[in-house]
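Undergrad: Would you mind keeping the following structure in view while I ask a few things?
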Amino acid sequence: MNTRLRVISVKLAGVVSLLALWELASSVVGVQWVPGVGAVAGRASAELLKGALVRDIAATSGLFFVGTSIGLILGAAAACALRLSPRIDQMVQPFITAAMSVPKLGLVPLLVLWFGTSWAPKVGLVSITVFFIVFALTYSGLLAVDPRLVTTARVLGANSLQVTRSIVFPTVWPFVLTGMEVALPWALSAAIVAEYLSAERGIGHGIEQARQMSDSVGVFYGIVLATVVVLVCNVMLVVTRRMTVKGNLENV
């Protein structure tokens with residue numbers, strides 16, 4: 001058995017073990033607390049036939065991707081801007097450190113007070129959540145750039161654009177991807193919590209509706225749906241890492 005088949009076998013065994021533990025928990029504590037796999041799968045099938053499954057995934061994914069994109073761009077840009085200005089960096093870093101310690105989900109009441117219950121506070125919550133994680137990892141990546149390589153490239157006549165493309169970007173990009181991998185579950189959690197506010201559709205809205213009706217199957221169905229979205233995004237990031245990081249390393 002080659003390495004790829006072995007990895008796939010291990011992953012499948014992990015999934016089967018998880019489903020078995022799920023069924024065991026359902027039988028031990030009761031279906032009213034932990035519904036069985038079959039009940040949740042049946043709910044997913046029914047929601048798919050009604051079109052609600054696709055609708056909810058689309059609504060949450062839209063909020064998730066817009067907020068994540070804004071947080072990614074601003075976080076990476078802020079890290080680069082601070083590294084380019086050491087004086088401003090020294091002034092701002094303490095405030096950023098303090099802001100990072102604030103629970104992001106605790107900002108929900110403040111965002112609602114400022115922007116109401118429109119799309120803006122929902123996007124803002126996701127963006128803030130992603131911003132600090134991407135900022136921290138991007139900043140660490142910039143610190144990891146070898147100054148000796150930069151100096152050597154300058155001596156050999158490389159301009160700023162060439163140094164950035166050949167040395168800085170290949171070093172920092174893996175850190176950015178790692179930041180995204182860390183941020184994704186938190187970003188989706190923020191999107192779901194944001195949908196508790198006043199959304200008419202989405203995974204978070206469905207979970208909240210199920211909670212109000214004491215529908216444990218609906219709650220578990222929403223949790224599974226959210227997990228699937230994160231896993232799909234992680235797969236996309238893994239593919240991106242394999243394609244871009246390898247290419248970047250070849251260009252160094």
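Letters A, B, ... mark the chains of the structure tokens in the order given; residue numbers begin at 1 per chain; ligand numbers begin at 1, in order shown.
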If we count only C-alpha atoms, what is near region 215-221 of chain A at a cut-off of 8 Å, once residues fewer than 3 positions away on the same chain are taken out, given as an MDAnalysis selection string?

TA: chainID A and resid 32:35 39:41 43:44 206:208 210:212 224:225

Undergrad: Excluding Leu231 (chain A) and its own-chain neighbours fewer than 4 positions away, which residues fall within 12 Å of it when counting only C-alpha atoms? Please give them as a PyMOL selection string.

TA: chain A and resi 181+184-185+188+224-227+235-238

Undergrad: For CA of Val108 (chain A) and CA of Gly179 (chain A), determine how far apart the two atoms are, in Å to one decimal place.

TA: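 So the two atoms, CA of Val108 (chain A) and CA of Gly179 (chain A), lie 22.8 Å apart.
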
Undergrad: Taking a cut-off of 12 Å and counting only C-alpha atoms, can you build a table that, for each residue of region 36-106 of chain A near region 150-170 of chain A, reports the nearest atom pair and how far apart they are in Å (one decimal), sorted by chain then residue number, as JSON lines?

TA:
```
{"residue": "A:Ala76", "atom": "CA", "partner": "A:Phe169", "partner_atom": "CA", "distance": 11.6}
{"residue": "A:Cys80", "atom": "CA", "partner": "A:Val168", "partner_atom": "CA", "distance": 10.6}
{"residue": "A:Arg83", "atom": "CA", "partner": "A:Val168", "partner_atom": "CA", "distance": 12.0}
```

Undergrad: How about saving the chosen residues, all heavy atoms kept, as an mmCIF file, in the first residue's frame?

TA:
```
data_model
loop_
_atom_site.group_PDB
_atom_site.id
_atom_site.type_symbol
_atom_site.label_atom_id
_atom_site.label_comp_id
_atom_site.auth_asym_id
_atom_site.auth_seq_id
_atom_site.Cartn_x
_atom_site.Cartn_y
_atom_site.Cartn_z
ATOM 1 N N ALA A 76 -3.094 41.510 6.492
ATOM 2 C CA ALA A 76 -1.801 41.426 5.818
ATOM 3 C C ALA A 76 -1.248 42.815 5.512
ATOM 4 O O ALA A 76 -0.052 43.077 5.682
ATOM 5 C CB ALA A 76 -1.942 40.619 4.533
ATOM 6 N N CYS A 80 2.304 44.547 6.971
ATOM 7 C CA CYS A 80 3.332 45.076 6.065
ATOM 8 C C CYS A 80 3.596 46.556 6.337
ATOM 9 O O CYS A 80 4.748 47.004 6.335
ATOM 10 C CB CYS A 80 2.900 44.880 4.615
ATOM 11 S SG CYS A 80 2.799 43.157 4.088
ATOM 12 N N ARG A 83 5.705 47.000 9.494
ATOM 13 C CA ARG A 83 7.103 46.579 9.313
ATOM 14 C C ARG A 83 7.884 47.596 8.487
ATOM 15 O O ARG A 83 9.109 47.708 8.623
ATOM 16 C CB ARG A 83 7.156 45.208 8.627
ATOM 17 C CG ARG A 83 6.801 44.058 9.536
ATOM 18 C CD ARG A 83 7.749 43.945 10.707
ATOM 19 N NE ARG A 83 9.118 43.662 10.269
ATOM 20 C CZ ARG A 83 10.204 43.881 10.999
ATOM 21 N NH1 ARG A 83 10.101 44.426 12.195
ATOM 22 N NH2 ARG A 83 11.403 43.575 10.535
#
```

Undergrad: Which one of A:Ala191, A:Val239, A:Leu111, A:Leu82 sits closest to Ile57 (chain A) if you count only C-alpha atoms?

TA: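 Nearest to Ile57 (chain A): A:Ala191.
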
Undergrad: Have a look at A:Ser214, A:Ser118, A:Thr129, A:Ser61 and name the one nearest to Ala99 (chain A); count only C-alpha atoms.

TA: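 For Ala99 (chain A), the nearest of the given residues is A:Thr129.
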
Undergrad: Please measure the separation of CA of Val66 (chain A) and CA of Trp186 (chain A), giving the value in Å to one decimal.

TA: 14.4 Å

Undergrad: Need to verify the contact set: Leu177 (chain A), 9 Å, only C-alpha atoms, exclusion of same-chain residues closer than 4 positions in sequence. Can you return it as a list in words?

TA: Val134, Leu137, Val172, Trp173, Glu181, Val182, Leu237, Val238, Thr240 and Arg241 of chain A

Undergrad: For the selection you just gave me, I'd like the residues written to a file as a short mmCIF file (atom, residue, chain, number, x, y, z; two decimals), in the first residue's frame, keeping N, CA, C and O atoms.

TA:
```
data_model
loop_
_atom_site.label_atom_id
_atom_site.label_comp_id
_atom_site.auth_asym_id
_atom_site.auth_seq_id
_atom_site.Cartn_x
_atom_site.Cartn_y
_atom_site.Cartn_z
N VAL A 134 -4.62 36.88 11.03
CA VAL A 134 -3.78 37.05 9.84
C VAL A 134 -2.69 38.07 10.10
O VAL A 134 -1.53 37.89 9.68
N LEU A 137 0.16 36.35 12.16
CA LEU A 137 0.97 35.39 11.39
C LEU A 137 1.77 36.10 10.29
O LEU A 137 2.92 35.74 10.03
N VAL A 172 6.93 34.95 3.46
CA VAL A 172 5.74 35.36 4.21
C VAL A 172 4.50 34.56 3.83
O VAL A 172 3.64 34.28 4.68
N TRP A 173 4.38 34.17 2.56
CA TRP A 173 3.16 33.53 2.07
C TRP A 173 2.75 32.29 2.87
O TRP A 173 1.57 32.14 3.21
N GLU A 181 -5.63 29.18 7.80
CA GLU A 181 -6.05 27.88 8.33
C GLU A 181 -6.50 27.99 9.78
O GLU A 181 -7.47 27.35 10.19
N VAL A 182 -5.78 28.81 10.55
CA VAL A 182 -6.18 29.03 11.95
C VAL A 182 -7.46 29.86 12.02
O VAL A 182 -8.33 29.60 12.87
N LEU A 237 -7.51 25.45 0.91
CA LEU A 237 -6.26 26.04 1.37
C LEU A 237 -5.08 25.09 1.21
O LEU A 237 -3.97 25.51 0.86
N VAL A 238 -5.31 23.80 1.47
CA VAL A 238 -4.25 22.81 1.30
C VAL A 238 -3.81 22.76 -0.16
O VAL A 238 -2.61 22.72 -0.46
N THR A 240 -4.15 25.15 -2.36
CA THR A 240 -3.48 26.41 -2.64
C THR A 240 -2.04 26.40 -2.14
O THR A 240 -1.11 26.86 -2.82
N ARG A 241 -1.84 25.86 -0.93
CA ARG A 241 -0.50 25.79 -0.36
C ARG A 241 0.42 24.94 -1.24
O ARG A 241 1.56 25.31 -1.52
#
```

Undergrad: Identify, on the basis of only C-alpha atoms, every residue whose closest approach to Thr68 (chain A) does not exceed 10 Å; exclude the query and any residue fewer than 2 positions from it along the same chain; express the result as a ChimeraX atom specification.

TA: /A:62-66,70-74,123-131,134,180,183-184,187-188,191

Undergrad: Choose the residue, out of A:Pro174, A:Ala120, A:Gly38, A:Phe132, that has the smallest atom-to-atom separation from Val145 (chain A); count only C-alpha atoms.

TA: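 Ranked by minimum distance to Val145 (chain A), first place goes to A:Pro174.
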
Undergrad: Kindly give the distance, in Å, that separates CA of Phe135 (chain A) and CA of Asn234 (chain A), rounded to a single decimal.

TA: 19.2 Å

Undergrad: Go through region 94-176 of chain A and collect every residue that DSSP, computed from the backbone, puts in helix (DSSP H, G or I); the answer should be as a CSV table (one decimal) with N, CA, C and O atoms, in the first residue's frame.

TA:
```csv
chain,number,residue,atom,x,y,z
A,94,PRO,N,1.5,48.1,21.1
A,94,PRO,CA,0.9,47.9,22.4
A,94,PRO,C,-0.7,47.9,22.3
A,94,PRO,O,-1.4,47.1,22.9
A,95,PHE,N,-1.2,48.8,21.4
A,95,PHE,CA,-2.6,48.9,21.2
A,95,PHE,C,-3.2,47.7,20.5
A,95,PHE,O,-4.3,47.2,20.8
A,96,ILE,N,-2.4,47.2,19.5
A,96,ILE,CA,-2.8,46.0,18.8
A,96,ILE,C,-2.8,44.8,19.7
A,96,ILE,O,-3.8,44.0,19.7
A,97,THR,N,-1.8,44.7,20.6
A,97,THR,CA,-1.8,43.6,21.6
A,97,THR,C,-3.0,43.6,22.5
A,97,THR,O,-3.6,42.6,22.8
A,98,ALA,N,-3.3,44.8,23.0
A,98,ALA,CA,-4.5,45.0,23.8
A,98,ALA,C,-5.7,44.6,23.1
A,98,ALA,O,-6.6,43.9,23.7
A,99,ALA,N,-5.9,45.0,21.9
A,99,ALA,CA,-7.1,44.7,21.1
A,99,ALA,C,-7.2,43.2,20.8
A,99,ALA,O,-8.3,42.7,20.8
A,100,MET,N,-6.1,42.6,20.6
A,100,MET,CA,-6.2,41.1,20.4
A,100,MET,C,-6.7,40.3,21.6
A,100,MET,O,-7.2,39.2,21.4
A,104,LYS,N,-13.6,38.6,20.7
A,104,LYS,CA,-14.2,39.2,19.5
A,104,LYS,C,-15.7,39.0,19.5
A,104,LYS,O,-16.5,39.9,19.0
A,105,LEU,N,-16.2,37.8,19.9
A,105,LEU,CA,-17.7,37.6,20.0
A,105,LEU,C,-18.3,38.5,21.0
A,105,LEU,O,-19.5,38.8,20.9
A,106,GLY,N,-17.5,39.1,21.9
A,106,GLY,CA,-18.1,40.0,22.9
A,106,GLY,C,-18.3,41.4,22.3
A,106,GLY,O,-19.0,42.2,22.9
A,107,LEU,N,-17.9,41.6,21.0
A,107,LEU,CA,-18.1,42.9,20.4
A,107,LEU,C,-19.4,42.9,19.7
A,107,LEU,O,-19.8,44.0,19.2
A,108,VAL,N,-20.2,41.8,19.7
A,108,VAL,CA,-21.5,41.8,19.0
A,108,VAL,C,-22.4,42.9,19.5
A,108,VAL,O,-23.0,43.7,18.6
A,109,PRO,N,-22.6,43.1,20.8
A,109,PRO,CA,-23.5,44.2,21.2
A,109,PRO,C,-23.1,45.6,20.7
A,109,PRO,O,-23.9,46.4,20.3
A,110,LEU,N,-21.7,45.8,20.8
A,110,LEU,CA,-21.2,47.1,20.3
A,110,LEU,C,-21.5,47.3,18.8
A,110,LEU,O,-21.9,48.4,18.4
A,111,LEU,N,-21.2,46.3,18.0
A,111,LEU,CA,-21.4,46.4,16.6
A,111,LEU,C,-22.9,46.6,16.2
A,111,LEU,O,-23.2,47.4,15.3
A,112,VAL,N,-23.8,46.0,17.0
A,112,VAL,CA,-25.2,46.2,16.8
A,112,VAL,C,-25.6,47.6,17.2
A,112,VAL,O,-26.4,48.2,16.5
A,113,LEU,N,-25.0,48.1,18.2
A,113,LEU,CA,-25.3,49.5,18.7
A,113,LEU,C,-24.9,50.5,17.6
A,113,LEU,O,-25.5,51.5,17.4
A,114,TRP,N,-23.7,50.2,17.0
A,114,TRP,CA,-23.2,51.1,16.0
A,114,TRP,C,-23.9,51.0,14.6
A,114,TRP,O,-24.2,52.0,14.0
A,115,PHE,N,-24.1,49.8,14.2
A,115,PHE,CA,-24.6,49.6,12.8
A,115,PHE,C,-26.0,49.0,12.7
A,115,PHE,O,-26.4,48.7,11.6
A,119,TRP,N,-26.3,43.9,7.4
A,119,TRP,CA,-25.2,43.0,7.0
A,119,TRP,C,-23.9,43.5,7.5
A,119,TRP,O,-23.0,42.8,7.8
A,120,ALA,N,-23.8,44.9,7.8
A,120,ALA,CA,-22.5,45.5,8.1
A,120,ALA,C,-21.9,44.9,9.4
A,120,ALA,O,-20.7,44.5,9.5
A,121,PRO,N,-22.7,44.8,10.6
A,121,PRO,CA,-22.1,44.3,11.8
A,121,PRO,C,-21.7,42.8,11.6
A,121,PRO,O,-20.7,42.3,12.3
A,122,LYS,N,-22.4,42.0,10.8
A,122,LYS,CA,-22.1,40.6,10.6
A,122,LYS,C,-20.8,40.5,9.9
A,122,LYS,O,-19.9,39.7,10.3
A,123,VAL,N,-20.6,41.3,8.8
A,123,VAL,CA,-19.3,41.2,8.1
A,123,VAL,C,-18.2,41.8,9.0
A,123,VAL,O,-17.1,41.3,9.0
A,124,GLY,N,-18.5,42.8,9.7
A,124,GLY,CA,-17.5,43.4,10.6
A,124,GLY,C,-17.0,42.4,11.6
A,124,GLY,O,-15.8,42.4,11.9
A,125,LEU,N,-17.9,41.6,12.2
A,125,LEU,CA,-17.5,40.7,13.2
A,125,LEU,C,-16.5,39.6,12.6
A,125,LEU,O,-15.5,39.3,13.2
A,126,VAL,N,-16.9,39.1,11.5
A,126,VAL,CA,-16.0,38.1,10.8
A,126,VAL,C,-14.7,38.7,10.4
A,126,VAL,O,-13.6,38.1,10.6
A,127,SER,N,-14.7,40.0,9.9
A,127,SER,CA,-13.5,40.6,9.5
A,127,SER,C,-12.6,40.9,10.6
A,127,SER,O,-11.3,40.6,10.5
A,128,ILE,N,-13.1,41.3,11.8
A,128,ILE,CA,-12.3,41.6,12.9
A,128,ILE,C,-11.6,40.3,13.4
A,128,ILE,O,-10.5,40.2,13.8
A,129,THR,N,-12.4,39.2,13.4
A,129,THR,CA,-11.9,37.9,13.9
A,129,THR,C,-10.7,37.5,13.0
A,129,THR,O,-9.7,37.0,13.6
A,130,VAL,N,-10.9,37.6,11.7
A,130,VAL,CA,-9.8,37.2,10.8
A,130,VAL,C,-8.6,38.1,10.9
A,130,VAL,O,-7.5,37.7,10.8
A,131,PHE,N,-8.9,39.4,11.0
A,131,PHE,CA,-7.9,40.4,10.9
A,131,PHE,C,-6.7,40.2,11.9
A,131,PHE,O,-5.5,40.2,11.5
A,132,PHE,N,-7.0,39.9,13.1
A,132,PHE,CA,-6.0,39.8,14.1
A,132,PHE,C,-5.1,38.6,14.0
A,132,PHE,O,-3.9,38.5,14.2
A,133,ILE,N,-5.8,37.5,13.5
A,133,ILE,CA,-5.1,36.2,13.3
A,133,ILE,C,-4.1,36.4,12.1
A,133,ILE,O,-2.9,36.0,12.2
A,134,VAL,N,-4.6,36.9,11.0
A,134,VAL,CA,-3.8,37.0,9.8
A,134,VAL,C,-2.7,38.1,10.1
A,134,VAL,O,-1.5,37.9,9.7
A,135,PHE,N,-3.0,39.1,10.8
A,135,PHE,CA,-2.0,40.1,11.1
A,135,PHE,C,-0.9,39.5,11.9
A,135,PHE,O,0.3,39.7,11.6
A,136,ALA,N,-1.2,38.7,13.0
A,136,ALA,CA,-0.1,38.1,13.8
A,136,ALA,C,0.8,37.2,13.0
A,136,ALA,O,2.0,37.2,13.1
A,137,LEU,N,0.2,36.3,12.2
A,137,LEU,CA,1.0,35.4,11.4
A,137,LEU,C,1.8,36.1,10.3
A,137,LEU,O,2.9,35.7,10.0
A,138,THR,N,1.2,37.1,9.6
A,138,THR,CA,1.9,37.8,8.6
A,138,THR,C,3.1,38.6,9.2
A,138,THR,O,4.2,38.6,8.6
A,139,TYR,N,2.8,39.2,10.3
A,139,TYR,CA,3.9,39.9,11.0
A,139,TYR,C,5.1,39.0,11.4
A,139,TYR,O,6.2,39.3,11.2
A,140,SER,N,4.7,37.8,11.9
A,140,SER,CA,5.7,36.8,12.2
A,140,SER,C,6.5,36.4,10.9
A,140,SER,O,7.7,36.2,11.0
A,141,GLY,N,5.8,36.2,9.8
A,141,GLY,CA,6.5,35.9,8.6
A,141,GLY,C,7.4,37.0,8.1
A,141,GLY,O,8.5,36.7,7.6
A,142,LEU,N,7.0,38.2,8.3
A,142,LEU,CA,7.9,39.3,7.9
A,142,LEU,C,9.2,39.4,8.8
A,142,LEU,O,10.3,39.7,8.3
A,143,LEU,N,9.0,39.0,10.1
A,143,LEU,CA,10.2,38.9,11.0
A,143,LEU,C,11.1,37.8,10.6
A,143,LEU,O,12.3,37.8,10.9
A,147,PRO,N,17.5,38.9,6.7
A,147,PRO,CA,18.1,40.1,6.2
A,147,PRO,C,19.4,39.9,5.4
A,147,PRO,O,19.7,40.8,4.5
A,148,ARG,N,20.1,38.8,5.6
A,148,ARG,CA,21.3,38.6,4.8
A,148,ARG,C,20.9,38.3,3.3
A,148,ARG,O,21.7,38.7,2.4
A,149,LEU,N,19.8,37.6,3.1
A,149,LEU,CA,19.4,37.4,1.7
A,149,LEU,C,19.0,38.7,1.0
A,149,LEU,O,19.3,38.9,-0.1
A,150,VAL,N,18.3,39.5,1.8
A,150,VAL,CA,17.9,40.8,1.3
A,150,VAL,C,19.1,41.7,0.9
A,150,VAL,O,19.2,42.3,-0.1
A,151,THR,N,20.1,41.7,1.8
A,151,THR,CA,21.3,42.5,1.6
A,151,THR,C,22.1,42.0,0.4
A,151,THR,O,22.6,42.7,-0.4
A,152,THR,N,22.2,40.6,0.3
A,152,THR,CA,22.9,40.0,-0.8
A,152,THR,C,22.2,40.4,-2.2
A,152,THR,O,22.9,40.7,-3.2
A,153,ALA,N,20.9,40.3,-2.1
A,153,ALA,CA,20.1,40.6,-3.4
A,153,ALA,C,20.3,42.1,-3.8
A,153,ALA,O,20.5,42.4,-4.9
A,154,ARG,N,20.4,43.0,-2.8
A,154,ARG,CA,20.6,44.4,-3.0
A,154,ARG,C,22.0,44.6,-3.6
A,154,ARG,O,22.2,45.4,-4.6
A,155,VAL,N,23.0,43.9,-3.1
A,155,VAL,CA,24.4,44.1,-3.6
A,155,VAL,C,24.4,43.6,-5.0
A,155,VAL,O,25.2,44.2,-5.8
A,160,SER,N,13.6,46.9,-5.3
A,160,SER,CA,12.7,46.5,-4.2
A,160,SER,C,11.6,45.5,-4.7
A,160,SER,O,11.2,44.6,-3.9
A,161,LEU,N,11.1,45.7,-5.9
A,161,LEU,CA,10.1,44.8,-6.4
A,161,LEU,C,10.7,43.3,-6.5
A,161,LEU,O,10.0,42.4,-6.2
A,162,GLN,N,11.9,43.2,-7.0
A,162,GLN,CA,12.5,41.9,-7.2
A,162,GLN,C,12.8,41.3,-5.8
A,162,GLN,O,12.6,40.1,-5.7
A,163,VAL,N,13.2,42.1,-4.8
A,163,VAL,CA,13.4,41.5,-3.5
A,163,VAL,C,12.1,41.0,-2.9
A,163,VAL,O,12.1,40.0,-2.3
A,164,THR,N,11.1,41.8,-3.1
A,164,THR,CA,9.8,41.4,-2.5
A,164,THR,C,9.3,40.2,-3.2
A,164,THR,O,8.8,39.2,-2.5
A,165,ARG,N,9.4,40.1,-4.5
A,165,ARG,CA,8.9,38.9,-5.3
A,165,ARG,C,9.7,37.7,-5.0
A,165,ARG,O,9.1,36.6,-4.9
A,166,SER,N,11.0,37.8,-4.9
A,166,SER,CA,11.8,36.6,-4.8
A,166,SER,C,12.2,36.2,-3.4
A,166,SER,O,12.6,35.0,-3.2
A,167,ILE,N,12.2,37.1,-2.4
A,167,ILE,CA,12.6,36.8,-1.1
A,167,ILE,C,11.5,37.0,-0.1
A,167,ILE,O,11.1,36.0,0.7
A,168,VAL,N,10.9,38.2,0.0
A,168,VAL,CA,9.9,38.5,1.0
A,168,VAL,C,8.6,37.6,0.8
A,168,VAL,O,8.2,37.0,1.8
A,169,PHE,N,8.1,37.7,-0.4
A,169,PHE,CA,6.8,37.0,-0.6
A,169,PHE,C,6.9,35.5,-0.3
A,169,PHE,O,6.1,34.9,0.3
A,170,PRO,N,7.9,34.8,-0.9
A,170,PRO,CA,8.0,33.3,-0.6
A,170,PRO,C,8.2,33.0,0.9
A,170,PRO,O,7.8,31.9,1.3
A,171,THR,N,8.8,33.9,1.6
A,171,THR,CA,8.9,33.7,3.1
A,171,THR,C,7.6,33.9,3.8
A,171,THR,O,7.3,33.1,4.7
A,172,VAL,N,6.9,35.0,3.5
A,172,VAL,CA,5.7,35.4,4.2
A,172,VAL,C,4.5,34.6,3.8
A,172,VAL,O,3.6,34.3,4.7
A,173,TRP,N,4.4,34.2,2.6
A,173,TRP,CA,3.2,33.5,2.1
A,173,TRP,C,2.7,32.3,2.9
A,173,TRP,O,1.6,32.1,3.2
A,174,PRO,N,3.7,31.4,3.2
A,174,PRO,CA,3.3,30.2,4.0
A,174,PRO,C,2.7,30.6,5.4
A,174,PRO,O,1.8,30.0,5.9
A,175,PHE,N,3.2,31.7,6.0
A,175,PHE,CA,2.7,32.2,7.2
A,175,PHE,C,1.2,32.7,7.0
A,175,PHE,O,0.4,32.5,7.9
A,176,VAL,N,1.0,33.4,5.9
A,176,VAL,CA,-0.4,33.9,5.6
A,176,VAL,C,-1.3,32.7,5.5
A,176,VAL,O,-2.5,32.8,6.0
```

Undergrad: Would you mind listing what lies within 12 Å of Leu24 (chain A) as a list in words, with only C-alpha atoms counted and same-chain residues fewer than 6 positions away left out?

TA: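 That gives Ser17, Leu18, Gly30, Val31, Val34, Pro35, Gly36 and Val37 of chain A.
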
Undergrad: Using only C-alpha atoms, pick whichever of A:Pro103, A:Gly67, A:Gly75, A:Gly222 has the shortest atom-to-atom distance to Glu47 (chain A).

TA: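 Of A:Pro103, A:Gly67, A:Gly75, A:Gly222, the one nearest Glu47 (chain A), counting only C-alpha atoms, is A:Gly222.
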